[in-house]
file model.cif (mmCIF, C-alpha atoms and all ligand atoms)
data_coords
#
loop_
_atom_site.label_atom_id
_atom_site.label_comp_id
_atom_site.auth_asym_id
_atom_site.auth_seq_id
_atom_site.Cartn_x
_atom_site.Cartn_y
_atom_site.Cartn_z
CA MET A 17 -1.63 32.23 -15.38
CA PRO A 18 1.02 33.31 -12.84
CA ASP A 19 -0.59 33.86 -9.46
CA GLN A 20 0.08 36.75 -7.09
CA SER A 21 1.56 34.56 -4.33
CA THR A 22 5.22 34.10 -3.36
CA PRO A 23 7.64 32.27 -5.68
CA ALA A 24 7.72 29.38 -3.18
CA ALA A 25 3.94 28.98 -3.36
CA ARG A 26 3.92 29.25 -7.15
CA ILE A 27 6.70 26.67 -7.41
CA ALA A 28 4.77 24.28 -5.15
CA ARG A 29 1.63 24.73 -7.27
CA LEU A 30 3.51 24.14 -10.52
CA ARG A 31 5.14 20.98 -9.17
CA ARG A 32 1.82 19.60 -8.04
CA ARG A 33 0.23 20.41 -11.39
CA ILE A 34 3.06 18.74 -13.34
CA GLU A 35 3.03 15.66 -11.07
CA ASP A 36 -0.74 15.39 -11.50
CA ALA A 37 -0.36 15.61 -15.27
CA ASN A 38 2.20 12.78 -15.18
CA TYR A 39 -0.07 10.69 -12.96
CA ARG A 40 -3.06 11.22 -15.23
CA TYR A 41 -1.04 10.42 -18.34
CA TYR A 42 1.00 7.42 -17.19
CA VAL A 43 -1.12 5.83 -14.44
CA LEU A 44 -4.73 6.73 -15.21
CA ASP A 45 -4.19 6.85 -19.00
CA ASP A 46 -6.45 9.90 -18.98
CA PRO A 47 -4.36 13.01 -19.80
CA ASP A 48 -5.95 16.32 -18.92
CA ILE A 49 -3.62 18.89 -20.52
CA PRO A 50 -2.03 19.13 -23.97
CA ASP A 51 1.73 18.58 -24.35
CA ALA A 52 2.27 22.26 -25.13
CA GLU A 53 0.67 23.31 -21.84
CA TYR A 54 2.74 20.72 -19.97
CA ASP A 55 5.92 22.09 -21.55
CA ARG A 56 4.88 25.64 -20.67
CA LEU A 57 4.36 24.70 -16.99
CA LEU A 58 7.72 22.96 -16.90
CA ARG A 59 9.47 25.98 -18.44
CA GLU A 60 7.83 28.31 -15.97
CA LEU A 61 8.99 26.07 -13.12
CA GLN A 62 12.53 25.95 -14.51
CA ALA A 63 12.65 29.74 -14.83
CA LEU A 64 11.38 30.27 -11.29
CA GLU A 65 13.86 27.77 -9.87
CA ALA A 66 16.70 29.38 -11.82
CA ALA A 67 15.77 32.70 -10.21
CA HIS A 68 15.44 31.08 -6.76
CA PRO A 69 18.01 28.26 -6.61
CA GLU A 70 17.53 27.95 -2.84
CA LEU A 71 14.03 26.57 -3.57
CA VAL A 72 15.21 23.67 -5.78
CA THR A 73 14.59 20.19 -4.30
CA PRO A 74 15.69 16.84 -5.75
CA ASP A 75 12.08 15.65 -6.20
CA SER A 76 11.14 18.63 -8.36
CA PRO A 77 9.96 17.61 -11.87
CA SER A 78 12.64 19.98 -13.18
CA GLN A 79 15.32 17.74 -11.70
CA ARG A 80 14.68 14.65 -13.80
CA VAL A 81 17.72 15.18 -16.00
CA GLY A 82 20.71 15.42 -13.69
CA THR A 83 24.40 14.91 -14.17
CA ARG A 84 26.17 11.84 -15.43
CA PRO A 85 27.58 9.36 -12.91
CA ALA A 86 31.35 9.73 -12.57
CA GLY A 87 32.91 6.69 -14.24
CA GLY A 88 30.65 3.70 -14.82
CA PHE A 89 27.64 2.51 -12.85
CA ALA A 90 28.11 1.53 -9.21
CA GLU A 91 27.05 -1.94 -8.08
CA VAL A 92 23.87 -2.32 -6.06
CA ARG A 93 23.29 -5.38 -3.89
CA HIS A 94 19.54 -6.03 -3.77
CA ALA A 95 18.24 -6.28 -0.19
CA LEU A 96 15.86 -9.01 -1.42
CA PRO A 97 16.99 -10.92 -4.52
CA MET A 98 15.20 -10.25 -7.82
CA LEU A 99 13.94 -13.68 -8.77
CA SER A 100 13.54 -15.37 -12.12
CA LEU A 101 10.55 -17.34 -13.38
CA GLY A 102 10.18 -20.93 -14.53
CA ASN A 103 8.79 -21.24 -18.06
CA GLY A 104 5.91 -23.03 -19.71
CA PHE A 105 5.58 -23.36 -23.50
CA GLU A 106 3.08 -24.31 -26.14
CA HIS A 107 3.36 -27.87 -27.47
CA HIS A 108 1.59 -28.10 -30.80
CA GLU A 109 1.07 -31.86 -30.74
CA GLY A 110 -1.17 -31.72 -27.64
CA HIS A 111 -4.75 -33.04 -27.86
CA ASP A 112 -6.12 -31.15 -24.88
CA ASP A 113 -4.96 -28.11 -22.95
CA ALA A 114 -3.22 -30.14 -20.22
CA MET A 115 -1.10 -31.83 -22.93
CA ARG A 116 -0.62 -28.65 -24.93
CA TYR A 117 0.61 -26.76 -21.85
CA PRO A 118 2.20 -29.47 -19.66
CA GLU A 119 4.42 -27.14 -17.58
CA VAL A 120 1.42 -24.99 -16.68
CA ALA A 121 -0.66 -28.06 -15.84
CA ASP A 122 2.16 -29.33 -13.56
CA PHE A 123 2.42 -25.92 -11.92
CA VAL A 124 -1.31 -25.82 -11.13
CA ARG A 125 -1.29 -29.43 -9.91
CA ARG A 126 1.51 -28.66 -7.46
CA VAL A 127 -0.23 -25.52 -6.23
CA GLU A 128 -3.51 -27.35 -5.66
CA GLN A 129 -1.81 -30.31 -3.98
CA THR A 130 0.14 -28.05 -1.64
CA LEU A 131 -2.84 -25.91 -0.71
CA GLY A 132 -5.25 -28.86 -0.54
CA HIS A 133 -7.96 -27.20 -2.62
CA GLY A 134 -8.70 -26.31 -6.24
CA ASP A 135 -10.45 -22.94 -6.20
CA THR A 136 -7.19 -21.00 -6.37
CA VAL A 137 -6.96 -17.36 -7.45
CA TYR A 138 -4.01 -16.12 -9.52
CA SER A 139 -2.86 -12.71 -10.61
CA VAL A 140 -2.50 -12.99 -14.40
CA GLU A 141 -0.20 -10.53 -16.13
CA PRO A 142 1.50 -9.76 -19.42
CA LYS A 143 5.15 -10.78 -19.52
CA PHE A 144 6.66 -7.45 -20.52
CA ASP A 145 9.56 -7.61 -22.93
CA GLY A 146 11.86 -5.03 -21.40
CA LEU A 147 14.30 -4.73 -18.55
CA ALA A 148 13.57 -5.54 -14.89
CA ILE A 149 14.42 -2.83 -12.38
CA SER A 150 14.00 -2.11 -8.68
CA LEU A 151 13.12 1.34 -7.34
CA ARG A 152 13.82 2.21 -3.71
CA TYR A 153 11.78 4.90 -1.93
CA GLU A 154 12.63 6.18 1.53
CA HIS A 155 10.01 8.30 3.25
CA GLY A 156 8.31 8.72 -0.09
CA LEU A 157 11.34 9.89 -2.09
CA LEU A 158 13.05 7.95 -4.87
CA VAL A 159 16.57 7.31 -3.58
CA GLN A 160 17.82 4.54 -5.85
CA GLY A 161 17.00 2.70 -9.04
CA ALA A 162 18.87 -0.42 -10.08
CA THR A 163 18.86 -3.01 -12.83
CA ARG A 164 18.21 -6.65 -11.97
CA GLY A 165 21.71 -7.73 -12.96
CA ASP A 166 22.22 -11.34 -11.87
CA GLY A 167 19.36 -11.05 -9.39
CA SER A 168 21.63 -10.38 -6.40
CA VAL A 169 23.74 -7.50 -7.71
CA GLY A 170 22.61 -4.97 -10.28
CA GLU A 171 23.77 -1.58 -11.54
CA ASP A 172 22.87 1.79 -10.08
CA VAL A 173 21.02 3.55 -12.91
CA THR A 174 19.21 6.06 -10.69
CA ALA A 175 20.16 9.11 -12.79
CA ASN A 176 18.76 7.46 -15.92
CA LEU A 177 15.57 6.18 -14.28
CA ARG A 178 14.82 9.63 -12.89
CA THR A 179 14.38 10.86 -16.48
CA LEU A 180 11.34 8.58 -17.00
CA ARG A 181 8.17 10.55 -16.35
CA ALA A 182 6.31 7.29 -15.71
CA ILE A 183 8.45 6.81 -12.57
CA PRO A 184 7.38 8.98 -9.64
CA LEU A 185 10.17 10.93 -7.94
CA ARG A 186 7.92 11.20 -4.91
CA LEU A 187 5.06 8.89 -3.85
CA ARG A 188 1.50 10.15 -3.69
CA GLY A 189 -0.36 9.89 -0.39
CA ASP A 190 0.92 8.13 2.74
CA ALA A 191 4.28 6.58 2.02
CA PRO A 192 5.88 3.64 3.87
CA ASP A 193 9.28 4.31 5.51
CA VAL A 194 10.89 2.06 2.90
CA LEU A 195 9.36 0.67 -0.26
CA GLU A 196 11.03 -1.14 -3.14
CA VAL A 197 8.94 -1.33 -6.27
CA ARG A 198 9.82 -3.81 -8.98
CA GLY A 199 8.77 -3.71 -12.55
CA GLU A 200 9.81 -3.46 -16.15
CA VAL A 201 11.15 -0.56 -18.19
CA ILE A 202 9.85 -0.95 -21.73
CA MET A 203 10.03 0.92 -25.00
CA PRO A 204 6.47 1.09 -26.35
CA ARG A 205 6.10 -0.02 -29.97
CA ALA A 206 5.10 3.41 -31.30
CA GLY A 207 8.15 5.06 -29.72
CA PHE A 208 10.40 2.26 -31.00
CA ASP A 209 9.09 2.63 -34.57
CA ALA A 210 9.42 6.42 -34.47
CA PHE A 211 12.94 6.16 -33.07
CA ASN A 212 14.04 3.75 -35.80
CA ALA A 213 12.37 5.76 -38.57
CA ARG A 214 14.33 8.81 -37.45
CA ALA A 215 17.57 6.82 -37.05
CA LEU A 216 17.18 5.30 -40.53
CA ALA A 217 16.61 8.73 -42.10
CA ALA A 218 19.64 10.13 -40.27
CA GLY A 219 21.82 7.14 -41.24
CA GLU A 220 22.26 6.21 -37.57
CA LYS A 221 22.29 2.83 -35.87
CA LEU A 222 18.89 1.12 -35.53
CA LEU A 223 17.58 -0.54 -32.38
CA ALA A 224 17.24 -4.30 -32.95
CA ASN A 225 13.98 -4.59 -30.97
CA PRO A 226 12.10 -2.74 -28.20
CA ARG A 227 13.80 -4.78 -25.48
CA ASN A 228 17.29 -3.82 -26.69
CA GLY A 229 15.99 -0.28 -26.99
CA ALA A 230 14.99 -0.24 -23.33
CA ALA A 231 18.15 -1.95 -22.09
CA GLY A 232 20.50 0.19 -24.19
CA SER A 233 18.75 3.38 -23.12
CA LEU A 234 19.20 2.59 -19.43
CA ARG A 235 22.89 1.81 -19.87
CA GLN A 236 23.73 5.26 -21.24
CA LEU A 237 26.31 7.10 -19.17
CA ASP A 238 24.69 10.41 -20.07
CA PRO A 239 21.14 10.71 -18.66
CA ARG A 240 20.36 13.36 -21.29
CA ILE A 241 20.43 10.58 -23.88
CA THR A 242 18.11 8.39 -21.79
CA ALA A 243 15.76 11.36 -21.38
CA ARG A 244 15.30 11.50 -25.17
CA ARG A 245 14.36 7.83 -25.47
CA PRO A 246 10.65 6.92 -25.47
CA LEU A 247 10.60 4.73 -22.36
CA ALA A 248 7.73 3.62 -20.14
CA PHE A 249 7.46 1.64 -16.93
CA PHE A 250 5.03 -0.91 -15.46
CA ALA A 251 5.14 -2.04 -11.83
CA TYR A 252 4.55 -5.76 -11.13
CA GLY A 253 5.70 -6.38 -7.58
CA ILE A 254 7.56 -5.20 -4.52
CA GLY A 255 10.74 -5.99 -2.62
CA VAL A 256 11.45 -4.57 0.83
CA ILE A 257 8.57 -2.82 2.61
CA GLU A 258 8.80 -1.19 6.06
CA PRO A 259 6.70 -1.37 8.10
CA ALA A 260 5.68 -4.78 6.75
CA SER A 261 2.22 -4.33 8.28
CA LEU A 262 1.38 -2.02 5.34
CA LEU A 263 1.54 -4.95 2.91
CA PRO A 264 -1.94 -5.91 1.62
CA PRO A 265 -2.86 -9.64 1.89
CA THR A 266 -2.75 -10.32 -1.85
CA HIS A 267 -0.56 -9.51 -4.83
CA SER A 268 -3.51 -8.04 -6.77
CA ALA A 269 -4.38 -5.70 -3.88
CA THR A 270 -0.72 -4.67 -3.73
CA LEU A 271 -0.80 -3.66 -7.40
CA GLN A 272 -3.96 -1.59 -6.79
CA TRP A 273 -2.19 0.10 -3.89
CA LEU A 274 0.91 0.80 -6.05
CA ARG A 275 -1.38 2.55 -8.50
CA THR A 276 -2.62 4.89 -5.80
CA LEU A 277 1.01 5.62 -4.85
CA GLY A 278 1.65 6.77 -8.42
CA PHE A 279 2.93 3.73 -10.33
CA PRO A 280 1.65 2.66 -13.74
CA VAL A 281 0.14 -0.83 -13.55
CA ALA A 282 -0.77 -2.45 -16.88
CA PRO A 283 -4.54 -2.40 -17.47
CA GLU A 284 -4.29 -5.95 -18.87
CA ILE A 285 -3.43 -7.36 -15.42
CA ALA A 286 -6.37 -9.34 -14.02
CA THR A 287 -7.18 -12.29 -11.75
CA ALA A 288 -8.20 -15.76 -12.85
CA GLN A 289 -9.15 -19.05 -11.22
CA GLY A 290 -7.74 -22.52 -11.82
CA PHE A 291 -6.03 -24.03 -14.88
CA ALA A 292 -8.93 -23.20 -17.23
CA GLY A 293 -8.90 -19.57 -16.10
CA LEU A 294 -5.16 -19.30 -16.75
CA ILE A 295 -5.43 -20.76 -20.25
CA ALA A 296 -8.38 -18.50 -21.09
CA TYR A 297 -6.22 -15.50 -20.12
CA TYR A 298 -3.26 -16.83 -22.17
CA ARG A 299 -5.54 -17.04 -25.24
CA ARG A 300 -7.18 -13.67 -24.63
CA ILE A 301 -3.84 -11.85 -24.31
CA GLY A 302 -2.36 -13.90 -27.18
CA ALA A 303 -5.21 -12.73 -29.43
CA ALA A 304 -4.75 -9.11 -28.31
CA ARG A 305 -0.94 -9.25 -28.53
CA ASP A 306 -0.57 -7.38 -31.83
CA ARG A 307 -2.91 -4.62 -30.65
CA LEU A 308 -1.08 -3.96 -27.38
CA PRO A 309 0.99 -0.76 -27.37
CA TYR A 310 4.03 -2.65 -26.02
CA GLY A 311 5.79 -5.93 -26.75
CA ILE A 312 5.25 -9.02 -24.61
CA ASP A 313 6.68 -12.51 -24.88
CA GLY A 314 4.08 -14.36 -22.84
CA VAL A 315 2.00 -14.07 -19.70
CA VAL A 316 2.83 -14.62 -16.03
CA TYR A 317 0.67 -16.44 -13.47
CA LYS A 318 1.20 -15.65 -9.78
CA LEU A 319 -0.59 -17.16 -6.84
CA ASP A 320 -2.49 -14.19 -5.44
CA ARG A 321 -2.52 -14.68 -1.65
CA TYR A 322 0.82 -14.11 0.08
CA VAL A 323 0.16 -16.85 2.68
CA ASP A 324 -0.34 -19.27 -0.20
CA GLN A 325 2.90 -18.07 -1.84
CA GLN A 326 4.73 -18.83 1.40
CA ALA A 327 3.26 -22.32 1.50
CA LEU A 328 4.62 -23.01 -2.02
CA GLY A 329 8.10 -21.55 -1.39
CA TYR A 330 11.05 -21.43 -3.80
CA VAL A 331 13.32 -23.64 -5.83
CA ALA A 332 16.77 -22.17 -6.55
CA ARG A 333 16.16 -18.58 -7.78
CA ALA A 334 12.54 -19.07 -8.85
CA PRO A 335 9.29 -19.09 -6.88
CA ARG A 336 7.11 -22.22 -6.97
CA TRP A 337 4.11 -19.87 -6.72
CA ALA A 338 4.59 -18.28 -10.16
CA ILE A 339 5.35 -19.32 -13.74
CA ALA A 340 5.82 -17.58 -17.09
CA HIS A 341 3.78 -18.99 -19.97
CA LYS A 342 5.63 -18.05 -23.14
CA PHE A 343 4.09 -17.36 -26.51
CA PRO A 344 5.73 -18.96 -29.54
CA ALA A 345 8.71 -16.68 -30.36
CA GLU A 346 7.98 -13.87 -32.86
CA GLU A 347 11.65 -13.24 -33.41
CA GLN A 348 14.49 -15.58 -34.30
CA MET A 349 18.05 -15.24 -35.46
CA THR A 350 19.14 -16.86 -38.69
CA VAL A 351 21.70 -16.46 -41.48
CA LEU A 352 21.23 -14.60 -44.76
CA GLU A 353 22.30 -17.12 -47.43
CA ALA A 354 21.66 -15.12 -50.60
CA ILE A 355 19.89 -12.12 -52.04
CA ASP A 356 17.90 -12.81 -55.22
CA VAL A 357 16.05 -10.30 -57.32
CA GLN A 358 12.48 -11.16 -58.20
CA ILE A 359 10.77 -9.48 -61.16
CA GLY A 360 7.08 -8.99 -60.57
CA ARG A 361 4.26 -8.94 -63.16
CA THR A 362 4.57 -5.17 -63.43
CA GLY A 363 8.27 -5.48 -64.10
CA ALA A 364 9.26 -4.10 -60.72
CA ALA A 365 12.40 -5.64 -59.20
CA THR A 366 12.16 -6.76 -55.57
CA PRO A 367 15.17 -8.10 -53.69
CA VAL A 368 14.38 -11.26 -51.70
CA ALA A 369 16.49 -12.62 -48.85
CA ARG A 370 17.06 -16.40 -48.84
CA LEU A 371 17.44 -17.48 -45.22
CA THR A 372 18.53 -20.57 -43.36
CA PRO A 373 15.05 -21.93 -42.48
CA VAL A 374 13.94 -20.92 -39.00
CA GLN A 375 10.73 -21.34 -36.94
CA VAL A 376 9.05 -18.03 -36.16
CA ALA A 377 5.73 -17.92 -34.32
CA GLY A 378 4.93 -21.46 -35.43
CA VAL A 379 5.78 -21.04 -39.14
CA THR A 380 8.96 -21.92 -41.00
CA VAL A 381 10.48 -18.86 -42.64
CA THR A 382 12.88 -19.28 -45.57
CA ASN A 383 12.44 -15.99 -47.49
CA ALA A 384 11.93 -12.36 -46.65
CA THR A 385 11.20 -9.45 -48.95
CA LEU A 386 13.79 -6.71 -48.68
CA HIS A 387 11.90 -3.62 -49.56
CA ASN A 388 14.29 -2.07 -52.05
CA ALA A 389 17.93 -1.82 -53.02
CA ASP A 390 18.13 1.49 -51.21
CA GLN A 391 17.22 -0.10 -47.92
CA ILE A 392 19.74 -2.92 -48.42
CA GLU A 393 22.46 -0.38 -48.87
CA ARG A 394 21.39 1.72 -45.90
CA LEU A 395 21.21 -1.31 -43.61
CA ASP A 396 24.47 -2.66 -45.12
CA VAL A 397 22.95 -6.15 -45.42
CA ARG A 398 25.41 -8.77 -46.71
CA VAL A 399 25.33 -12.49 -47.45
CA GLY A 400 26.58 -14.41 -44.42
CA ASP A 401 25.20 -11.86 -41.96
CA THR A 402 23.23 -13.01 -38.96
CA VAL A 403 19.83 -11.37 -39.18
CA ILE A 404 16.79 -11.13 -36.93
CA VAL A 405 13.55 -12.33 -38.48
CA ARG A 406 10.42 -10.86 -36.95
CA ARG A 407 6.88 -11.96 -37.68
CA ALA A 408 4.81 -8.94 -38.70
S1 LIG B 501 7.61 -11.22 -11.61
C1 LIG B 501 8.74 -13.53 -8.59
N1 LIG B 501 6.03 -10.25 -13.47
O1 LIG B 501 10.47 -11.82 -16.25
C2 LIG B 501 9.07 -13.37 -9.99
N2 LIG B 501 8.31 -10.65 -14.04
O2 LIG B 501 12.03 -14.36 -15.37
C3 LIG B 501 9.71 -12.07 -10.27
N3 LIG B 501 8.88 -10.05 -16.34
O3 LIG B 501 13.40 -10.55 -14.93
C4 LIG B 501 9.36 -11.49 -11.56
N4 LIG B 501 6.89 -9.30 -16.92
O4 LIG B 501 12.04 -8.95 -16.30
C5 LIG B 501 7.29 -10.66 -13.18
N5 LIG B 501 4.50 -9.38 -15.00
C6 LIG B 501 5.75 -9.77 -14.70
C7 LIG B 501 6.81 -9.74 -15.64
C8 LIG B 501 8.07 -10.20 -15.27
C9 LIG B 501 8.14 -9.50 -17.32
C10 LIG B 501 10.30 -10.45 -16.47
C11 LIG B 501 11.21 -9.76 -15.52
C12 LIG B 501 12.05 -10.81 -14.86
C13 LIG B 501 11.73 -12.03 -15.66
C14 LIG B 501 11.64 -13.22 -14.73
#

call {"tool": "encode", "arguments": {"input": "model.cif", "output": "structure tokens", "more": "lines below"}}
Ligand code: IVH
result
Amino acid sequence: MPDQSTPAARIARLRRRIEDANYRYYVLDDPDIPDAEYDRLLRELQALEAAHPELVTPDSPSQRVGTRPAGGFAEVRHALPMLSLGNGFEHHEGHDDAMRYPEVADFVRRVEQTLGHGDTVYSVEPKFDGLAISLRYEHGLLVQGATRGDGSVGEDVTANLRTLRAIPLRLRGDAPDVLEVRGEVIMPRAGFDAFNARALAAGEKLLANPRNGAAGSLRQLDPRITARRPLAFFAYGIGVIEPASLLPPTHSATLQWLRTLGFPVAPEIATAQGFAGLIAYYRRIGAARDRLPYGIDGVVYKLDRYVDQQALGYVARAPRWAIAHKFPAEEQMTVLEAIDVQIGRTGAATPVARLTPVQVAGVTVTNATLHNADQIERLDVRVGDTVIVRRA
């Protein structure tokens, strides 16, 4: 209901209400208004700002979709490099967990040797299958968003990142002078499926997987296209922070703090102790993997206390205080060797793809049902094509 106050006061109230709705939806996962009401508030804000352009500010929720960058994306040199992670895998021939997961066992052994004790706490996290980005806030305002690139130099995709409602344009509460938040832009499964269903019906190009969906959406030159893509964001760390005294003593406390500042932090992130605790988490998340609303390709273990991280240090571009523990791949590329037609008991004809055998999620795949001739035509599948096989 429009209030009786000045346009400036009404605009301020609308912005706060819309920001709160975003926070409740993306961070607390506890929405408090229906989509239609949200859209109505946003339209009212847009109308008021159109009537009073002098009141428009860059952090207004109406300003998420801006103008396209002239030319391509500018380069951004990261003030602190965006690191990569060493990997651990599953070895099926192992008799016990230390043999099954040797890279993880080595990682824990090194941590415990360096620190001189065994009761070590780790932050344990999903390994999101999306695109790493860095968000820079100055005095609470989002000033730049960049892709990871090679870790030292990324691309300035600020205009595109501003369209994601999961990314705050302005921090909540007391903001540091400078804060860089790192995390992953993802395309949740439901949004990916809906996008592809629509694209298939419209005869448009399909997204190969949610990760390509996220990456391709961020590399659009027109932010209006990015704005229409179903993207989400999870924070998992920080870069520069000034003053440094604001940094909590542990990684897990930092993630809690980021939540209060307005960033979505995945509810699956937890803490665990020692090798057995890490493996229990790996199994728990592995079992829940298909039920998660977003794709992951493993879990990440990070030593929780920053003083302990410093003691472990770095090797090349990767920290010695963290490791990714990958799940067996659910997706592989292979070659379509032939398409046969199988006649079922009911007489129905089903096309079957004969594939160059490939290991997917621990099983060898040689055939795949192609749902019908219609679909083959729409996808333009041909013998000799390289195809992606996904376990489902
Ligand atoms: S931390 C200090 N945490 O993995 C290590 N990375 O190989 C910096 N990723 O490019 C990364 N989920 O895209 C971290 N919970 C998570 C992650 C994660 C996915 C990706 C990220 C990065 C790559 C590192």

call {"tool": "closest_residue", "arguments": {"input": "model.cif", "among": "A:Asp45, A:Glu200, A:Glu119, A:Asp306", "to": "ligand LIG 501 (chain B)", "atoms": "only C-alpha atoms and all ligand atoms"}}
result
A:Glu200

call {"tool": "residues_around", "arguments": {"input": "model.cif", "residues": "segment 145-153 of chain A", "least_positions_apart": "5", "cutoff": "8 Å", "atoms": "all atoms listed in the file", "output": "MDAnalysis selection string"}}
result
chainID A and resid 158:164 186 193:203 226:228 230:231 255 311:313

call {"tool": "residues_near_ligand", "arguments": {"input": "model.cif", "ligand": "ligand LIG 501 (chain B)", "cutoff": "7 Å", "atoms": "all atoms listed in the file", "output": "PyMOL selection string"}}
result
chain A and resi 98-102+141-148+164+200+252-253+316+334-335+338

call {"tool": "atom_distance", "arguments": {"input": "model.cif", "atom1": "atom CA of Asp396 of chain A", "atom2": "atom CA of Ala365 of chain A"}}
result
18.8 Å

call {"tool": "residues_around", "arguments": {"input": "model.cif", "residues": "Ala384 of chain A", "least_positions_apart": "5", "cutoff": "7 Å", "atoms": "all atoms listed in the file", "output": "JSON, numbers by chain"}}
result
{"A": [368, 369, 370]}

call {"tool": "write_last_selection", "arguments": {"input": "model.cif", "atoms": "C-alpha atoms", "output": "compact mmCIF listing (two decimals), in the frame of the given file"}}
result
# COMPACT_ATOMS: atom_id res chain seq x y z
CA VAL A 368 14.38 -11.26 -51.70
CA ALA A 369 16.49 -12.62 -48.85
CA ARG A 370 17.06 -16.40 -48.84

call {"tool": "closest_residue", "arguments": {"input": "model.cif", "among": "A:Leu328, A:Ala224, A:Ala269, A:Val72", "to": "Met349 of chain A", "atoms": "only C-alpha atoms"}}
result
A:Ala224

call {"tool": "residues_near_point", "arguments": {"input": "model.cif", "point": "(-0.2, -26.6, -8.9)", "cutoff": "12 Å", "atoms": "only C-alpha atoms", "output": "ChimeraX atom specification"}}
result
/A:118-138,289-291,294,317-319,324-325,327-328,336-339

call {"tool": "closest_atom_pairs", "arguments": {"input": "model.cif", "of": "segment 229-253 of chain A", "to": "segment 168-175 of chain A", "cutoff": "10 Å", "atoms": "all atoms listed in the file", "output": "CSV"}}
result
residue,atom,partner,partner_atom,distance
A:Leu234,CA,A:Val173,CA,6.8
A:Arg235,CA,A:Val173,CA,7.4
A:Gln236,CA,A:Val173,CA,8.9
A:Leu237,CA,A:Val173,CA,8.9
A:Asp238,CA,A:Ala175,CA,8.7
A:Pro239,CA,A:Ala175,CA,6.2
A:Arg240,CA,A:Ala175,CA,9.5
A:Thr242,CA,A:Ala175,CA,9.3
A:Ala243,CA,A:Ala175,CA,9.9

call {"tool": "build_atoms", "arguments": {"input": "model.cif", "residues": "segment 42-56 of chain A", "atoms": "N, CA and C atoms", "output": "PDB file, in the coordinates of the input"}}
result
ATOM      1  N   TYR A  42       0.337   8.731 -17.250  1.00  0.00           N
ATOM      2  CA  TYR A  42       1.000   7.420 -17.190  1.00  0.00           C
ATOM      3  C   TYR A  42       0.250   6.382 -16.365  1.00  0.00           C
ATOM      4  N   VAL A  43      -0.462   6.806 -15.328  1.00  0.00           N
ATOM      5  CA  VAL A  43      -1.120   5.830 -14.440  1.00  0.00           C
ATOM      6  C   VAL A  43      -2.587   5.681 -14.801  1.00  0.00           C
ATOM      7  N   LEU A  44      -3.293   6.807 -14.930  1.00  0.00           N
ATOM      8  CA  LEU A  44      -4.730   6.730 -15.210  1.00  0.00           C
ATOM      9  C   LEU A  44      -5.014   6.628 -16.708  1.00  0.00           C
ATOM     10  N   ASP A  45      -4.008   6.883 -17.553  1.00  0.00           N
ATOM     11  CA  ASP A  45      -4.190   6.850 -19.000  1.00  0.00           C
ATOM     12  C   ASP A  45      -5.323   7.801 -19.405  1.00  0.00           C
ATOM     13  N   ASP A  46      -5.354   8.957 -18.787  1.00  0.00           N
ATOM     14  CA  ASP A  46      -6.450   9.900 -18.980  1.00  0.00           C
ATOM     15  C   ASP A  46      -5.872  11.321 -18.898  1.00  0.00           C
ATOM     16  N   PRO A  47      -5.040  11.710 -19.886  1.00  0.00           N
ATOM     17  CA  PRO A  47      -4.360  13.010 -19.800  1.00  0.00           C
ATOM     18  C   PRO A  47      -5.354  14.160 -19.759  1.00  0.00           C
ATOM     19  N   ASP A  48      -5.015  15.206 -19.037  1.00  0.00           N
ATOM     20  CA  ASP A  48      -5.950  16.320 -18.920  1.00  0.00           C
ATOM     21  C   ASP A  48      -5.400  17.633 -19.463  1.00  0.00           C
ATOM     22  N   ILE A  49      -4.109  17.660 -19.875  1.00  0.00           N
ATOM     23  CA  ILE A  49      -3.620  18.890 -20.520  1.00  0.00           C
ATOM     24  C   ILE A  49      -2.809  18.519 -21.755  1.00  0.00           C
ATOM     25  N   PRO A  50      -2.832  19.393 -22.772  1.00  0.00           N
ATOM     26  CA  PRO A  50      -2.030  19.130 -23.970  1.00  0.00           C
ATOM     27  C   PRO A  50      -0.533  19.230 -23.677  1.00  0.00           C
ATOM     28  N   ASP A  51       0.276  18.580 -24.524  1.00  0.00           N
ATOM     29  CA  ASP A  51       1.730  18.580 -24.350  1.00  0.00           C
ATOM     30  C   ASP A  51       2.291  20.000 -24.253  1.00  0.00           C
ATOM     31  N   ALA A  52       1.737  20.893 -25.079  1.00  0.00           N
ATOM     32  CA  ALA A  52       2.270  22.260 -25.130  1.00  0.00           C
ATOM     33  C   ALA A  52       2.089  22.960 -23.783  1.00  0.00           C
ATOM     34  N   GLU A  53       0.937  22.701 -23.149  1.00  0.00           N
ATOM     35  CA  GLU A  53       0.670  23.310 -21.840  1.00  0.00           C
ATOM     36  C   GLU A  53       1.617  22.705 -20.794  1.00  0.00           C
ATOM     37  N   TYR A  54       1.813  21.404 -20.877  1.00  0.00           N
ATOM     38  CA  TYR A  54       2.740  20.720 -19.970  1.00  0.00           C
ATOM     39  C   TYR A  54       4.131  21.356 -20.088  1.00  0.00           C
ATOM     40  N   ASP A  55       4.589  21.513 -21.322  1.00  0.00           N
ATOM     41  CA  ASP A  55       5.920  22.090 -21.550  1.00  0.00           C
ATOM     42  C   ASP A  55       5.997  23.521 -21.005  1.00  0.00           C
ATOM     43  N   ARG A  56       4.897  24.267 -21.156  1.00  0.00           N
ATOM     44  CA  ARG A  56       4.880  25.640 -20.670  1.00  0.00           C
ATOM     45  C   ARG A  56       5.011  25.674 -19.138  1.00  0.00           C
TER      46      ARG A  56
END
